[in-house]
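Have a look at the structure below, then the notes.
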Amino acid sequence: SAYSSGASAISSAGVLSCLLNDWKCGLSSLFFGVFGIVIALMKDVPDADGDRKFNIRSFTVRLGQKRVFSTMKGLLTGLFGVYGVGLMRWSTMTPMTSVAVRRGLVGLCCWAAGWTVNRESRGVNAEDSGEVYNYYM
């Protein structure tokens, strides 16, 4: 039927079309892509001893636990901060009070999450697997 062939064409191009044509889709994809990289690399920091033992040349082994931890903490802090400020700024661009309040609150929560990520990392020894694990969990 015409509907099924049309739906098939839409679904195959849907994700790419969304990423290329809808800035909100692109920004949310960017956020979660960066967030996923941070999680993957942060979870690798406590495994450095095992990676070295088994000759696995992970980013943490190549760059060092302190450098990867610091970089990922900075990236996550910046990610939350930039998106938080962006959402708070975007909240001023709508004439609808309810939308502005929601955007502003989500932006404030993002900014607060970035501040917390930075604050909670103080005193964490990047070479202590237990401390790093407790930090990101």
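Scheme for the structure tokens: letters A, B, ... for chains in order shown; per-chain residue numbers from 1; ligand numbers from 1 in order shown.
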Just want the 10 Å neighbourhood of Val85 (chain A), counted on only C-alpha atoms, with same-chain residues fewer than 4 positions away dropped. Output as a PyMOL selection string. chain A and resi 80-81+89-91+104+106-108+110-111
Polymer residues at most 10 Å from region 67-71 of chain A, only C-alpha atoms, same-chain spacing of 4 or more positions, as number ranges by chain: A: 38, 41-46, 59-63, 75-77, 118, 121, 124-127, 132
With only C-alpha atoms as the atoms that count, which of A:Ala48, A:Met93, A:Ala112, A:Ile39 lies nearest to Tyr135 (chain A)?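 Among the listed residues, the smallest separation from Tyr135 (chain A) belongs to A:Ile39.
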From the DSSP assignment of the backbone, select every residue of chain A that is alpha helix (DSSP H), and format the answer as a PDB file with C-alpha atoms, in the first residue's frame.
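selection.pdb written:
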```pdb
ATOM      1  CA  ALA A   2       0.999   3.621  -0.389  1.00  0.00           C
ATOM      2  CA  TYR A   3       1.044   4.112   3.378  1.00  0.00           C
ATOM      3  CA  SER A   4       3.487   1.278   4.095  1.00  0.00           C
ATOM      4  CA  SER A   5       5.974   2.349   1.411  1.00  0.00           C
ATOM      5  CA  GLY A   6       5.739   5.963   2.588  1.00  0.00           C
ATOM      6  CA  ALA A   7       6.290   4.963   6.231  1.00  0.00           C
ATOM      7  CA  SER A   8       9.302   2.900   5.219  1.00  0.00           C
ATOM      8  CA  ALA A   9      10.884   5.836   3.416  1.00  0.00           C
ATOM      9  CA  ILE A  10      10.250   8.125   6.392  1.00  0.00           C
ATOM     10  CA  SER A  11      11.702   5.705   8.948  1.00  0.00           C
ATOM     11  CA  SER A  12      14.903   5.083   6.975  1.00  0.00           C
ATOM     12  CA  ALA A  13      15.635   8.787   6.632  1.00  0.00           C
ATOM     13  CA  GLY A  14      14.068   9.862   9.928  1.00  0.00           C
ATOM     14  CA  VAL A  15      17.087   9.839  12.220  1.00  0.00           C
ATOM     15  CA  LEU A  16      19.474  11.429   9.747  1.00  0.00           C
ATOM     16  CA  SER A  17      16.851  13.954   8.723  1.00  0.00           C
ATOM     17  CA  CYS A  18      16.240  14.815  12.369  1.00  0.00           C
ATOM     18  CA  LEU A  19      19.941  15.331  13.040  1.00  0.00           C
ATOM     19  CA  LEU A  20      20.479  17.467   9.961  1.00  0.00           C
ATOM     20  CA  ASN A  21      17.277  19.515   9.950  1.00  0.00           C
ATOM     21  CA  TRP A  23      18.567  21.900  15.753  1.00  0.00           C
ATOM     22  CA  LYS A  24      16.891  20.636  18.956  1.00  0.00           C
ATOM     23  CA  CYS A  25      17.463  17.048  17.824  1.00  0.00           C
ATOM     24  CA  GLY A  26      21.073  17.834  16.952  1.00  0.00           C
ATOM     25  CA  LEU A  27      21.771  19.547  20.282  1.00  0.00           C
ATOM     26  CA  SER A  28      20.202  16.765  22.332  1.00  0.00           C
ATOM     27  CA  SER A  29      22.150  14.166  20.327  1.00  0.00           C
ATOM     28  CA  LEU A  30      25.358  16.122  20.892  1.00  0.00           C
ATOM     29  CA  PHE A  31      24.643  16.327  24.637  1.00  0.00           C
ATOM     30  CA  PHE A  32      24.049  12.602  25.015  1.00  0.00           C
ATOM     31  CA  GLY A  33      26.940  11.702  22.717  1.00  0.00           C
ATOM     32  CA  VAL A  34      29.406  13.721  24.804  1.00  0.00           C
ATOM     33  CA  PHE A  35      27.791  12.438  28.017  1.00  0.00           C
ATOM     34  CA  GLY A  36      28.257   8.847  26.809  1.00  0.00           C
ATOM     35  CA  ILE A  37      31.930   9.441  26.017  1.00  0.00           C
ATOM     36  CA  VAL A  38      32.473  10.946  29.468  1.00  0.00           C
ATOM     37  CA  ILE A  39      30.830   7.945  31.140  1.00  0.00           C
ATOM     38  CA  ALA A  40      32.847   5.439  29.107  1.00  0.00           C
ATOM     39  CA  LEU A  41      36.184   7.124  29.757  1.00  0.00           C
ATOM     40  CA  MET A  42      35.443   7.901  33.420  1.00  0.00           C
ATOM     41  CA  LYS A  43      34.550   4.253  34.038  1.00  0.00           C
ATOM     42  CA  ASP A  44      37.868   3.277  32.474  1.00  0.00           C
ATOM     43  CA  ALA A  48      44.066   1.240  34.665  1.00  0.00           C
ATOM     44  CA  ASP A  49      45.982  -1.345  36.714  1.00  0.00           C
ATOM     45  CA  GLY A  50      44.186  -4.241  35.020  1.00  0.00           C
ATOM     46  CA  ASP A  51      44.630  -2.643  31.605  1.00  0.00           C
ATOM     47  CA  ARG A  52      48.370  -2.284  32.226  1.00  0.00           C
ATOM     48  CA  LYS A  53      48.615  -5.849  33.547  1.00  0.00           C
ATOM     49  CA  PHE A  59      43.149   6.064  26.973  1.00  0.00           C
ATOM     50  CA  THR A  60      43.728   5.861  30.713  1.00  0.00           C
ATOM     51  CA  VAL A  61      46.896   3.811  30.267  1.00  0.00           C
ATOM     52  CA  ARG A  62      48.180   6.034  27.468  1.00  0.00           C
ATOM     53  CA  LEU A  63      47.353   9.414  29.031  1.00  0.00           C
ATOM     54  CA  GLN A  65      44.529   8.360  35.272  1.00  0.00           C
ATOM     55  CA  LYS A  66      44.862  11.948  36.519  1.00  0.00           C
ATOM     56  CA  ARG A  67      44.712  13.432  33.043  1.00  0.00           C
ATOM     57  CA  VAL A  68      41.711  11.384  31.890  1.00  0.00           C
ATOM     58  CA  PHE A  69      39.847  12.001  35.166  1.00  0.00           C
ATOM     59  CA  SER A  70      40.537  15.730  35.056  1.00  0.00           C
ATOM     60  CA  THR A  71      39.626  16.037  31.374  1.00  0.00           C
ATOM     61  CA  MET A  72      36.369  14.100  31.747  1.00  0.00           C
ATOM     62  CA  LYS A  73      35.420  16.052  34.865  1.00  0.00           C
ATOM     63  CA  GLY A  74      36.064  19.293  33.012  1.00  0.00           C
ATOM     64  CA  LEU A  75      34.152  18.122  29.957  1.00  0.00           C
ATOM     65  CA  LEU A  76      31.134  17.081  32.034  1.00  0.00           C
ATOM     66  CA  THR A  77      31.220  20.306  34.062  1.00  0.00           C
ATOM     67  CA  GLY A  78      31.386  22.330  30.854  1.00  0.00           C
ATOM     68  CA  LEU A  79      28.657  20.281  29.185  1.00  0.00           C
ATOM     69  CA  PHE A  80      26.220  20.840  32.038  1.00  0.00           C
ATOM     70  CA  GLY A  81      27.236  24.476  32.391  1.00  0.00           C
ATOM     71  CA  VAL A  82      26.878  25.372  28.717  1.00  0.00           C
ATOM     72  CA  TYR A  83      23.558  23.598  28.312  1.00  0.00           C
ATOM     73  CA  GLY A  84      22.303  25.058  31.591  1.00  0.00           C
ATOM     74  CA  VAL A  85      23.148  28.615  30.587  1.00  0.00           C
ATOM     75  CA  GLY A  86      21.732  27.981  27.108  1.00  0.00           C
ATOM     76  CA  LEU A  87      18.428  26.756  28.499  1.00  0.00           C
ATOM     77  CA  MET A  88      18.204  29.675  30.921  1.00  0.00           C
ATOM     78  CA  ARG A  89      18.891  32.076  28.051  1.00  0.00           C
ATOM     79  CA  TRP A  90      16.368  30.269  25.851  1.00  0.00           C
ATOM     80  CA  SER A  91      13.770  30.644  28.613  1.00  0.00           C
ATOM     81  CA  THR A  97       5.403  32.069  31.100  1.00  0.00           C
ATOM     82  CA  SER A  98       4.913  28.365  31.814  1.00  0.00           C
ATOM     83  CA  VAL A  99       7.403  27.376  29.096  1.00  0.00           C
ATOM     84  CA  ALA A 100       9.882  30.011  30.251  1.00  0.00           C
ATOM     85  CA  VAL A 101       9.690  28.782  33.850  1.00  0.00           C
ATOM     86  CA  ARG A 102      10.190  25.141  32.855  1.00  0.00           C
ATOM     87  CA  ARG A 103      13.141  25.939  30.594  1.00  0.00           C
ATOM     88  CA  GLY A 104      14.642  28.151  33.261  1.00  0.00           C
ATOM     89  CA  LEU A 105      14.285  25.474  35.931  1.00  0.00           C
ATOM     90  CA  VAL A 106      15.803  22.762  33.752  1.00  0.00           C
ATOM     91  CA  GLY A 107      18.630  25.146  32.835  1.00  0.00           C
ATOM     92  CA  LEU A 108      19.241  25.970  36.480  1.00  0.00           C
ATOM     93  CA  CYS A 109      19.284  22.253  37.332  1.00  0.00           C
ATOM     94  CA  CYS A 110      21.816  21.612  34.531  1.00  0.00           C
ATOM     95  CA  TRP A 111      24.016  24.435  35.763  1.00  0.00           C
ATOM     96  CA  ALA A 112      23.737  23.107  39.339  1.00  0.00           C
ATOM     97  CA  ALA A 113      24.672  19.618  38.121  1.00  0.00           C
ATOM     98  CA  GLY A 114      27.816  21.030  36.503  1.00  0.00           C
ATOM     99  CA  TRP A 115      28.702  22.887  39.687  1.00  0.00           C
ATOM    100  CA  THR A 116      28.153  19.689  41.709  1.00  0.00           C
ATOM    101  CA  VAL A 117      30.282  17.598  39.329  1.00  0.00           C
ATOM    102  CA  ASN A 118      33.115  20.060  39.828  1.00  0.00           C
ATOM    103  CA  ARG A 119      32.680  20.398  43.609  1.00  0.00           C
ATOM    104  CA  GLU A 120      32.394  16.661  44.280  1.00  0.00           C
ATOM    105  CA  SER A 121      35.578  15.939  42.318  1.00  0.00           C
ATOM    106  CA  SER A 129      40.121   3.163  41.992  1.00  0.00           C
ATOM    107  CA  GLY A 130      37.693   3.174  44.925  1.00  0.00           C
ATOM    108  CA  GLU A 131      37.546   6.969  45.132  1.00  0.00           C
ATOM    109  CA  VAL A 132      36.988   7.331  41.386  1.00  0.00           C
ATOM    110  CA  TYR A 133      34.293   4.640  41.435  1.00  0.00           C
ATOM    111  CA  ASN A 134      32.524   6.332  44.356  1.00  0.00           C
ATOM    112  CA  TYR A 135      32.743   9.661  42.543  1.00  0.00           C
ATOM    113  CA  TYR A 136      31.086   8.605  39.305  1.00  0.00           C
TER     114      TYR A 136
END
```
